[in-house]
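Data from final-v1.cif: mmCIF, C-alpha atoms and all ligand atoms
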data_run
loop_
_atom_site.group_PDB
_atom_site.id
_atom_site.type_symbol
_atom_site.label_atom_id
_atom_site.label_comp_id
_atom_site.auth_asym_id
_atom_site.auth_seq_id
_atom_site.Cartn_x
_atom_site.Cartn_y
_atom_site.Cartn_z
ATOM 1 C CA MET A 1270 -13.693 -6.817 -0.332
ATOM 2 C CA LYS A 1271 -13.898 -7.267 3.419
ATOM 3 C CA ILE A 1272 -11.337 -5.072 5.149
ATOM 4 C CA ALA A 1273 -10.340 -4.728 8.811
ATOM 5 C CA ILE A 1274 -8.526 -1.503 9.672
ATOM 6 C CA LYS A 1275 -6.747 -0.807 12.963
ATOM 7 C CA ILE A 1276 -6.452 2.871 13.805
ATOM 8 C CA GLY A 1277 -3.529 3.503 16.170
ATOM 9 C CA GLY A 1278 -4.750 5.178 19.318
ATOM 10 C CA SER A 1279 -1.674 7.397 19.280
ATOM 11 C CA VAL A 1280 -3.040 9.003 16.088
ATOM 12 C CA LEU A 1281 -6.764 9.119 16.941
ATOM 13 C CA CYS A 1282 -6.251 10.053 20.588
ATOM 14 C CA PRO A 1283 -2.849 11.790 20.870
ATOM 15 C CA THR A 1284 -3.888 13.733 23.992
ATOM 16 C CA GLU A 1285 -6.428 12.592 26.557
ATOM 17 C CA SER A 1286 -9.261 13.251 24.124
ATOM 18 C CA PRO A 1287 -9.653 12.385 20.424
ATOM 19 C CA ASP A 1288 -8.265 14.618 17.656
ATOM 20 C CA MET A 1289 -11.584 15.617 16.074
ATOM 21 C CA ASP A 1290 -9.976 16.884 12.828
ATOM 22 C CA PHE A 1291 -8.480 13.428 12.349
ATOM 23 C CA VAL A 1292 -11.778 11.741 13.323
ATOM 24 C CA ASP A 1293 -13.670 13.809 10.707
ATOM 25 C CA ALA A 1294 -11.110 13.130 7.961
ATOM 26 C CA LEU A 1295 -11.049 9.421 8.814
ATOM 27 C CA SER A 1296 -14.817 9.260 8.871
ATOM 28 C CA GLY A 1297 -14.977 10.736 5.340
ATOM 29 C CA THR A 1298 -12.417 8.221 4.048
ATOM 30 C CA LEU A 1299 -14.226 5.286 5.683
ATOM 31 C CA LYS A 1300 -17.569 6.357 4.218
ATOM 32 C CA GLY A 1301 -15.940 6.500 0.773
ATOM 33 C CA LEU A 1302 -14.393 3.040 1.165
ATOM 34 C CA SER A 1303 -17.649 1.575 2.486
ATOM 35 C CA SER A 1304 -19.458 2.254 -0.797
ATOM 36 C CA GLU A 1305 -17.289 -0.475 -2.368
ATOM 37 C CA HIS A 1306 -16.120 -2.571 0.594
ATOM 38 C CA ARG A 1307 -17.258 -4.038 3.917
ATOM 39 C CA ILE A 1308 -15.319 -2.255 6.658
ATOM 40 C CA ILE A 1309 -14.453 -3.160 10.260
ATOM 41 C CA VAL A 1310 -12.527 -0.504 12.168
ATOM 42 C CA VAL A 1311 -10.659 -1.239 15.393
ATOM 43 C CA VAL A 1312 -9.641 1.823 17.361
ATOM 44 C CA GLY A 1313 -6.800 1.946 19.905
ATOM 45 C CA GLY A 1314 -6.851 3.536 23.328
ATOM 46 C CA GLY A 1315 -4.102 6.092 22.729
ATOM 47 C CA ARG A 1316 -3.028 8.578 25.374
ATOM 48 C CA LEU A 1317 -6.339 8.121 27.215
ATOM 49 C CA ALA A 1318 -5.502 4.427 27.807
ATOM 50 C CA ARG A 1319 -1.976 5.197 28.974
ATOM 51 C CA LYS A 1320 -3.227 7.906 31.348
ATOM 52 C CA MET A 1321 -5.957 5.691 32.851
ATOM 53 C CA ILE A 1322 -3.453 2.835 33.345
ATOM 54 C CA LYS A 1323 -0.795 5.148 34.829
ATOM 55 C CA ASP A 1324 -3.271 6.787 37.234
ATOM 56 C CA ALA A 1325 -4.572 3.392 38.393
ATOM 57 C CA ARG A 1326 -1.015 2.087 38.921
ATOM 58 C CA GLU A 1327 -0.150 5.180 40.934
ATOM 59 C CA SER A 1328 -3.177 4.672 43.136
ATOM 60 C CA GLY A 1329 -2.006 1.149 43.901
ATOM 61 C CA GLU A 1330 -3.882 -1.027 41.393
ATOM 62 C CA GLU A 1331 -1.759 -4.146 40.933
ATOM 63 C CA SER A 1332 -4.078 -6.447 39.017
ATOM 64 C CA THR A 1333 -2.715 -6.768 35.485
ATOM 65 C CA ASP A 1334 -6.159 -7.772 34.202
ATOM 66 C CA LYS A 1335 -7.771 -4.700 35.745
ATOM 67 C CA LEU A 1336 -5.118 -2.451 34.173
ATOM 68 C CA HIS A 1337 -5.684 -4.073 30.781
ATOM 69 C CA MET A 1338 -9.443 -3.553 31.232
ATOM 70 C CA LEU A 1339 -8.830 0.194 31.571
ATOM 71 C CA GLY A 1340 -7.039 0.157 28.196
ATOM 72 C CA ILE A 1341 -9.973 -1.770 26.706
ATOM 73 C CA GLU A 1342 -12.408 0.758 28.149
ATOM 74 C CA ALA A 1343 -10.413 3.680 26.685
ATOM 75 C CA ALA A 1344 -10.344 2.035 23.241
ATOM 76 C CA ARG A 1345 -14.122 1.463 23.409
ATOM 77 C CA LYS A 1346 -14.638 5.124 24.346
ATOM 78 C CA ASN A 1347 -12.609 6.204 21.305
ATOM 79 C CA ALA A 1348 -14.636 3.771 19.175
ATOM 80 C CA SER A 1349 -17.858 5.487 20.329
ATOM 81 C CA VAL A 1350 -16.502 8.853 19.189
ATOM 82 C CA LEU A 1351 -15.837 7.493 15.694
ATOM 83 C CA ILE A 1352 -19.285 5.833 15.605
ATOM 84 C CA LYS A 1353 -20.869 9.198 16.367
ATOM 85 C CA ALA A 1354 -18.888 10.877 13.581
ATOM 86 C CA LEU A 1355 -19.921 8.170 11.086
ATOM 87 C CA GLY A 1356 -23.603 8.630 11.974
ATOM 88 C CA GLU A 1357 -26.019 6.459 9.990
ATOM 89 C CA ASP A 1358 -23.168 4.679 8.198
ATOM 90 C CA ALA A 1359 -21.947 3.027 11.402
ATOM 91 C CA TYR A 1360 -23.333 0.060 13.292
ATOM 92 C CA PRO A 1361 -24.561 1.751 16.490
ATOM 93 C CA GLY A 1362 -22.991 -0.567 19.107
ATOM 94 C CA VAL A 1363 -19.403 -1.428 20.064
ATOM 95 C CA PRO A 1364 -18.931 -5.233 19.728
ATOM 96 C CA LYS A 1365 -17.046 -6.785 22.633
ATOM 97 C CA ASN A 1366 -15.972 -10.118 21.167
ATOM 98 C CA GLU A 1367 -15.729 -12.139 17.929
ATOM 99 C CA ASP A 1368 -19.415 -13.167 17.919
ATOM 100 C CA GLY A 1369 -20.419 -9.555 18.433
ATOM 101 C CA VAL A 1370 -18.323 -8.430 15.455
ATOM 102 C CA LYS A 1371 -19.753 -11.188 13.281
ATOM 103 C CA ASN A 1372 -23.335 -10.196 14.117
ATOM 104 C CA ALA A 1373 -22.623 -6.484 13.674
ATOM 105 C CA ALA A 1374 -20.945 -7.096 10.296
ATOM 106 C CA GLU A 1375 -24.152 -8.724 9.031
ATOM 107 C CA SER A 1376 -25.800 -5.277 9.225
ATOM 108 C CA GLY A 1377 -23.679 -4.202 6.230
ATOM 109 C CA LYS A 1378 -22.706 -1.030 8.122
ATOM 110 C CA ILE A 1379 -19.222 0.095 9.155
ATOM 111 C CA VAL A 1380 -18.456 -1.772 12.399
ATOM 112 C CA VAL A 1381 -16.319 0.109 14.931
ATOM 113 C CA LEU A 1382 -14.849 -1.463 18.051
ATOM 114 C CA GLY A 1383 -12.112 -1.188 20.679
ATOM 115 C CA GLY A 1384 -10.669 -3.909 22.927
ATOM 116 C CA PHE A 1385 -11.726 -7.520 23.461
ATOM 117 C CA ARG A 1386 -9.947 -9.142 26.391
ATOM 118 C CA PRO A 1387 -6.986 -8.539 28.727
ATOM 119 C CA GLY A 1388 -3.426 -9.307 27.654
ATOM 120 C CA GLN A 1389 -3.287 -8.086 24.078
ATOM 121 C CA THR A 1390 -3.678 -4.861 22.124
ATOM 122 C CA THR A 1391 -6.151 -3.693 19.516
ATOM 123 C CA ASP A 1392 -3.777 -4.992 16.781
ATOM 124 C CA ALA A 1393 -4.840 -8.464 17.927
ATOM 125 C CA VAL A 1394 -8.503 -7.381 17.966
ATOM 126 C CA ALA A 1395 -8.156 -6.365 14.296
ATOM 127 C CA LEU A 1396 -6.777 -9.785 13.361
ATOM 128 C CA GLN A 1397 -9.306 -11.675 15.525
ATOM 129 C CA SER A 1398 -12.163 -9.668 13.964
ATOM 130 C CA ALA A 1399 -10.777 -10.316 10.481
ATOM 131 C CA GLU A 1400 -10.566 -14.028 11.207
ATOM 132 C CA ALA A 1401 -14.116 -14.114 12.629
ATOM 133 C CA THR A 1402 -15.609 -12.318 9.621
ATOM 134 C CA GLY A 1403 -13.430 -13.841 6.878
ATOM 135 C CA SER A 1404 -11.828 -10.517 5.942
ATOM 136 C CA ASP A 1405 -9.532 -10.349 2.903
ATOM 137 C CA ILE A 1406 -7.034 -7.872 4.306
ATOM 138 C CA VAL A 1407 -6.005 -6.221 7.564
ATOM 139 C CA VAL A 1408 -4.505 -2.743 7.573
ATOM 140 C CA ILE A 1409 -2.636 -1.830 10.741
ATOM 141 C CA GLY A 1410 -2.534 1.938 10.842
ATOM 142 C CA THR A 1411 0.124 3.565 12.973
ATOM 143 C CA ASP A 1412 2.082 6.838 13.180
ATOM 144 C CA VAL A 1413 5.219 5.685 11.365
ATOM 145 C CA LYS A 1414 5.773 4.517 7.774
ATOM 146 C CA GLY A 1415 5.564 0.808 8.656
ATOM 147 C CA VAL A 1416 7.795 -1.763 10.343
ATOM 148 C CA TYR A 1417 11.424 -0.880 11.159
ATOM 149 C CA ASP A 1418 14.147 -3.133 12.559
ATOM 150 C CA ARG A 1419 14.217 -0.894 15.659
ATOM 151 C CA ASP A 1420 11.915 1.802 17.044
ATOM 152 C CA PRO A 1421 12.455 4.729 14.617
ATOM 153 C CA LYS A 1422 11.346 7.189 17.288
ATOM 154 C CA LYS A 1423 14.176 6.092 19.543
ATOM 155 C CA ASP A 1424 16.875 5.314 16.967
ATOM 156 C CA LYS A 1425 17.363 7.444 13.865
ATOM 157 C CA ASN A 1426 19.419 4.666 12.255
ATOM 158 C CA ALA A 1427 16.446 2.277 12.327
ATOM 159 C CA LYS A 1428 15.943 0.615 8.934
ATOM 160 C CA PHE A 1429 12.542 0.514 7.244
ATOM 161 C CA ILE A 1430 11.372 -2.983 6.191
ATOM 162 C CA SER A 1431 9.006 -3.107 3.196
ATOM 163 C CA VAL A 1432 8.316 -6.872 3.281
ATOM 164 C CA ILE A 1433 8.643 -9.153 6.316
ATOM 165 C CA SER A 1434 7.470 -12.683 7.033
ATOM 166 C CA SER A 1435 5.256 -13.259 10.068
ATOM 167 C CA THR A 1436 8.003 -15.480 11.522
ATOM 168 C CA GLU A 1437 10.614 -12.709 11.181
ATOM 169 C CA LEU A 1438 8.195 -10.185 12.649
ATOM 170 C CA LEU A 1439 7.518 -12.480 15.589
ATOM 171 C CA ASP A 1440 11.277 -12.655 16.220
ATOM 172 C CA LEU A 1441 11.344 -8.858 16.226
ATOM 173 C CA VAL A 1442 8.531 -8.471 18.780
ATOM 174 C CA GLU A 1443 8.440 -11.729 20.708
ATOM 175 C CA THR A 1444 10.694 -10.605 23.542
ATOM 176 C CA GLU A 1445 8.235 -7.812 24.277
ATOM 177 C CA LEU A 1446 5.496 -9.055 26.630
ATOM 178 C CA VAL A 1447 2.073 -7.463 26.237
ATOM 179 C CA GLU A 1448 2.103 -5.408 29.445
ATOM 180 C CA PRO A 1449 -0.845 -3.074 30.155
ATOM 181 C CA GLY A 1450 -0.383 -0.010 27.943
ATOM 182 C CA ALA A 1451 2.693 -1.512 26.233
ATOM 183 C CA LYS A 1452 3.933 -0.285 22.852
ATOM 184 C CA THR A 1453 5.216 -2.706 20.219
ATOM 185 C CA VAL A 1454 5.352 -2.240 16.461
ATOM 186 C CA VAL A 1455 2.754 -4.995 16.046
ATOM 187 C CA ASP A 1456 1.381 -6.955 19.000
ATOM 188 C CA PRO A 1457 2.818 -10.536 19.079
ATOM 189 C CA VAL A 1458 -0.709 -11.911 19.651
ATOM 190 C CA ALA A 1459 -1.732 -10.304 16.334
ATOM 191 C CA VAL A 1460 1.338 -11.667 14.531
ATOM 192 C CA LYS A 1461 0.483 -15.171 15.754
ATOM 193 C CA VAL A 1462 -2.985 -14.860 14.175
ATOM 194 C CA ILE A 1463 -1.351 -13.731 10.904
ATOM 195 C CA GLU A 1464 0.982 -16.738 11.083
ATOM 196 C CA LYS A 1465 -1.920 -19.122 11.748
ATOM 197 C CA THR A 1466 -4.415 -17.760 9.219
ATOM 198 C CA GLY A 1467 -2.219 -16.225 6.504
ATOM 199 C CA ILE A 1468 -4.557 -13.194 6.323
ATOM 200 C CA LYS A 1469 -2.908 -10.540 4.144
ATOM 201 C CA SER A 1470 -1.740 -7.813 6.528
ATOM 202 C CA ILE A 1471 -0.034 -4.504 5.968
ATOM 203 C CA VAL A 1472 1.279 -1.752 8.230
ATOM 204 C CA VAL A 1473 0.884 1.856 7.061
ATOM 205 C CA ASP A 1474 1.021 5.405 8.382
ATOM 206 C CA ILE A 1475 -2.687 6.019 8.992
ATOM 207 C CA ARG A 1476 -2.265 9.816 8.942
ATOM 208 C CA ASN A 1477 -1.921 9.585 5.154
ATOM 209 C CA MET A 1478 -5.461 8.683 4.051
ATOM 210 C CA GLU A 1479 -4.640 8.651 0.352
ATOM 211 C CA ASN A 1480 -1.971 6.043 1.053
ATOM 212 C CA LEU A 1481 -4.511 4.002 3.053
ATOM 213 C CA VAL A 1482 -6.966 4.032 0.139
ATOM 214 C CA ASN A 1483 -4.187 3.083 -2.310
ATOM 215 C CA ALA A 1484 -3.202 0.142 -0.080
ATOM 216 C CA VAL A 1485 -6.786 -1.087 0.185
ATOM 217 C CA GLU A 1486 -7.475 -0.661 -3.540
ATOM 218 C CA GLY A 1487 -4.353 -2.636 -4.493
ATOM 219 C CA ARG A 1488 -2.416 0.345 -5.904
ATOM 220 C CA ASP A 1489 1.184 1.245 -5.006
ATOM 221 C CA PHE A 1490 1.472 2.381 -1.415
ATOM 222 C CA GLU A 1491 4.084 3.133 1.200
ATOM 223 C CA GLY A 1492 4.161 0.642 4.066
ATOM 224 C CA THR A 1493 5.152 -2.857 5.144
ATOM 225 C CA VAL A 1494 3.616 -6.055 3.812
ATOM 226 C CA ILE A 1495 3.588 -8.951 6.303
ATOM 227 C CA GLU A 1496 3.797 -12.246 4.436
HETATM 228 P P1 LIG B 1501 -3.822 -0.398 22.405
HETATM 229 O O1 LIG B 1501 -2.397 -0.528 22.779
HETATM 230 O O2 LIG B 1501 -4.287 -1.274 21.363
HETATM 231 O O3 LIG B 1501 -4.032 1.080 22.078
HETATM 232 O O4 LIG B 1501 -4.676 -0.633 23.711
HETATM 233 P P2 LIG B 1501 -3.221 1.969 21.077
HETATM 234 O O5 LIG B 1501 -3.224 3.269 21.745
HETATM 235 O O6 LIG B 1501 -3.870 1.835 19.763
HETATM 236 O O7 LIG B 1501 -1.746 1.551 20.808
HETATM 237 P P3 LIG B 1501 -1.016 2.007 19.501
HETATM 238 O O8 LIG B 1501 -1.084 3.496 19.412
HETATM 239 O O9 LIG B 1501 -1.685 1.354 18.346
HETATM 240 O O10 LIG B 1501 0.357 1.449 19.702
HETATM 241 C C1 LIG B 1501 -4.334 -0.024 24.940
HETATM 242 C C2 LIG B 1501 -4.167 -1.045 26.053
HETATM 243 O O11 LIG B 1501 -5.419 -1.685 26.305
HETATM 244 C C3 LIG B 1501 -5.249 -3.037 26.684
HETATM 245 C C4 LIG B 1501 -3.750 -3.294 26.707
HETATM 246 O O12 LIG B 1501 -3.281 -3.087 28.003
HETATM 247 C C5 LIG B 1501 -3.232 -2.205 25.756
HETATM 248 O O13 LIG B 1501 -1.884 -1.875 26.017
HETATM 249 N N1 LIG B 1501 -5.996 -3.936 25.756
HETATM 250 C C6 LIG B 1501 -6.447 -3.498 24.546
HETATM 251 C C7 LIG B 1501 -6.253 -5.236 26.143
HETATM 252 O O14 LIG B 1501 -5.829 -5.691 27.225
HETATM 253 N N2 LIG B 1501 -6.983 -6.051 25.297
HETATM 254 C C8 LIG B 1501 -7.463 -5.644 24.103
HETATM 255 O O15 LIG B 1501 -8.135 -6.439 23.410
HETATM 256 C C9 LIG B 1501 -7.169 -4.325 23.707
#
Could I get this file's structure written as structure tokens?
Ligand code: UTP
Amino acid sequence: MKIAIKIGGSVLCPTESPDMDFVDALSGTLKGLSSEHRIIVVVGGGRLARKMIKDARESGEESTDKLHMLGIEAARKNASVLIKALGEDAYPGVPKNEDGVKNAAESGKIVVLGGFRPGQTTDAVALQSAEATGSDIVVIGTDVKGVYDRDPKKDKNAKFISVISSTELLDLVETELVEPGAKTVVDPVAVKVIEKTGIKSIVVDIRNMENLVNAVEGRDFEGTVIE
């Protein structure tokens, strides 16, 4: 199977530098999966992205595109860290657009990348990469169980949703513009690609690697299926 996996930056890079224990564990899981499947991994910018964007704003940067570019740069930096951990198993470069991902995927190695272009998040990059390479499934890995009707970190009464249509999910996120460094459960740009292509997409807690493998292998897993 061809699988695209988004690794939430908040998990991989919870402080201003990557959590190397997580990177090592993830790298082991990805190597295991890559013996059976073709893997594309999209890494988020995490705290590093937020810090770079905040610092630039505070020093007077007003260009939205430039602020987004800092997030893209942070995500690419995190991607390089994972590439290093994967060693020989990883494609050595960080693709910057759909054609780049397509070419890199032809190597048969694990392809790791960060951002593409201003105005979206790496969720969208995962879907755009999946579309470009004809992937069978996209796994959006985050730091909560899946999709909730409200942000579970802000509201303890938030209800977990195990199955949601792309149209319902779009309703849930559409009001939230993709501002530089913004946080939404799934980026609306990504949901629109799901709606257009019908690529099977799921949201899981990426900290639980066994759950990730179960989801990919078609076994029971905890998370949200986007239909
Ligand atoms: P992400 O928001 O994707 O990082 O990118 P993240 O840390 O993984 O987010 P979580 O943890 O999954 O929620 C960081 C910022 O980089 C810019 C956006 O401003 C985004 O908020 N970005 C990223 C782009 O403009 N284009 C891209 O293709 C990717």
Would you mind listing the residues within 9 Å of ligand LIG 1501 (chain B), counting all atoms listed in the file, as a ChimeraX atom specification? /A:1275-1283,1311-1319,1322,1333-1344,1365-1366,1383-1394,1409-1412,1447-1456
On this file, the PyMOL selection byres (((chain A and resi 1434) around 12) and not hetatm) gives some set of residues; write that set as JSON, numbers by chain. {"A": [1416, 1430, 1431, 1432, 1433, 1435, 1436, 1437, 1438, 1439, 1440, 1441, 1460, 1461, 1463, 1464, 1467, 1469, 1470, 1471, 1493, 1494, 1495, 1496]}
Residues at most 9 Å from Ser1398 in chain A, counting all atoms listed in the file, excluding those fewer than 5 positions away in the same chain, as a VMD selection string? chain A and resid 1273 1309 1311 1366 to 1368 1370 to 1371 1393 1403 to 1404
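Ranking A:Val1485, A:Leu1396, A:Arg1476, A:Glu1305 by their shortest atom-to-atom distance to Asp1290 in chain A, with only C-alpha atoms included, puts A:Arg1476 first.
Among the candidates A:Glu1491, A:Glu1400, A:Asp1424, A:Asp1324, the residue lying nearest to Ile1475 in chain A is A:Glu1491 (atoms considered: all atoms listed in the file).
At a cut-off of 6 Å from (-24.0, 4.0, 16.1), the residue set is Ile1352, Ala1359, Tyr1360, Pro1361 and Gly1362 of chain A (counting only C-alpha atoms).
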For the residues in the current selection, export C-alpha atoms as a compact mmCIF listing (two decimals), in the frame of the given file.
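So the final result, stored in result-v3.txt, reads:
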# COMPACT_ATOMS: atom_id res chain seq x y z
CA ILE A 1352 -19.28 5.83 15.60
CA ALA A 1359 -21.95 3.03 11.40
CA TYR A 1360 -23.33 0.06 13.29
CA PRO A 1361 -24.56 1.75 16.49
CA GLY A 1362 -22.99 -0.57 19.11
What is the CA of Leu1302 in chain A-CA of Gly1377 in chain A distance in Å, reported with one decimal? 12.8 Å
Target residues per the PyMOL selection byres (((chain A and resi 1306) around 12) and not hetatm), formatted as number ranges by chain: A: 1270-1274, 1298-1305, 1307-1309, 1374, 1377-1379, 1404-1406, 1482, 1485-1486
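Proximity of A:Asn1372, A:Thr1402, A:Ser1286, A:Asn1426 to Val1350 in chain A, computed with all atoms listed in the file, is greatest for A:Ser1286.
CA of Tyr1417 in chain A sits 26.6 Å away from CA of Pro1287 in chain A.
With CA of Glu1285 in chain A on one side and CA of Met1321 in chain A on the other, the separation reads 9.4 Å.
Each of A:Glu1330, A:Ser1349, A:Lys1422, A:Val1310 was checked against Val1381 in chain A using only C-alpha atoms; the smallest atom-to-atom distance is that of A:Val1310.
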Missing atoms in range 1482-1493 of chain A: fill them in up to N, CA, C and O atoms and send the result as a compact mmCIF listing (two decimals), in the coordinates of the input.
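Result file follows (part_7.txt):
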# COMPACT_ATOMS: atom_id res chain seq x y z
N VAL A 1482 -6.04 4.42 1.22
CA VAL A 1482 -6.97 4.03 0.14
C VAL A 1482 -6.19 3.28 -0.95
O VAL A 1482 -6.64 2.23 -1.44
N ASN A 1483 -5.00 3.78 -1.30
CA ASN A 1483 -4.19 3.08 -2.31
C ASN A 1483 -3.89 1.65 -1.88
O ASN A 1483 -3.97 0.71 -2.67
N ALA A 1484 -3.54 1.48 -0.60
CA ALA A 1484 -3.20 0.14 -0.08
C ALA A 1484 -4.41 -0.80 -0.19
O ALA A 1484 -4.29 -1.93 -0.66
N VAL A 1485 -5.56 -0.28 0.19
CA VAL A 1485 -6.79 -1.09 0.18
C VAL A 1485 -7.20 -1.43 -1.25
O VAL A 1485 -7.63 -2.54 -1.54
N GLU A 1486 -7.03 -0.47 -2.15
CA GLU A 1486 -7.48 -0.66 -3.54
C GLU A 1486 -6.46 -1.43 -4.39
O GLU A 1486 -6.65 -1.59 -5.58
N GLY A 1487 -5.34 -1.83 -3.77
CA GLY A 1487 -4.35 -2.64 -4.49
C GLY A 1487 -3.42 -1.80 -5.37
O GLY A 1487 -2.73 -2.34 -6.24
N ARG A 1488 -3.38 -0.48 -5.16
CA ARG A 1488 -2.42 0.34 -5.90
C ARG A 1488 -1.11 0.44 -5.11
O ARG A 1488 -1.04 -0.03 -3.98
N ASP A 1489 -0.09 1.08 -5.71
CA ASP A 1489 1.18 1.25 -5.01
C ASP A 1489 0.95 2.04 -3.73
O ASP A 1489 0.17 3.00 -3.74
N PHE A 1490 1.60 1.64 -2.67
CA PHE A 1490 1.47 2.38 -1.42
C PHE A 1490 2.78 2.27 -0.63
O PHE A 1490 3.61 1.42 -0.93
N GLU A 1491 2.91 3.17 0.35
CA GLU A 1491 4.08 3.13 1.20
C GLU A 1491 3.71 2.40 2.49
O GLU A 1491 2.71 2.75 3.12
N GLY A 1492 4.47 1.39 2.85
CA GLY A 1492 4.16 0.64 4.07
C GLY A 1492 4.87 -0.70 4.05
O GLY A 1492 5.69 -0.97 3.18
N THR A 1493 4.53 -1.54 5.03
CA THR A 1493 5.15 -2.86 5.14
C THR A 1493 4.11 -3.94 4.87
O THR A 1493 3.01 -3.89 5.44
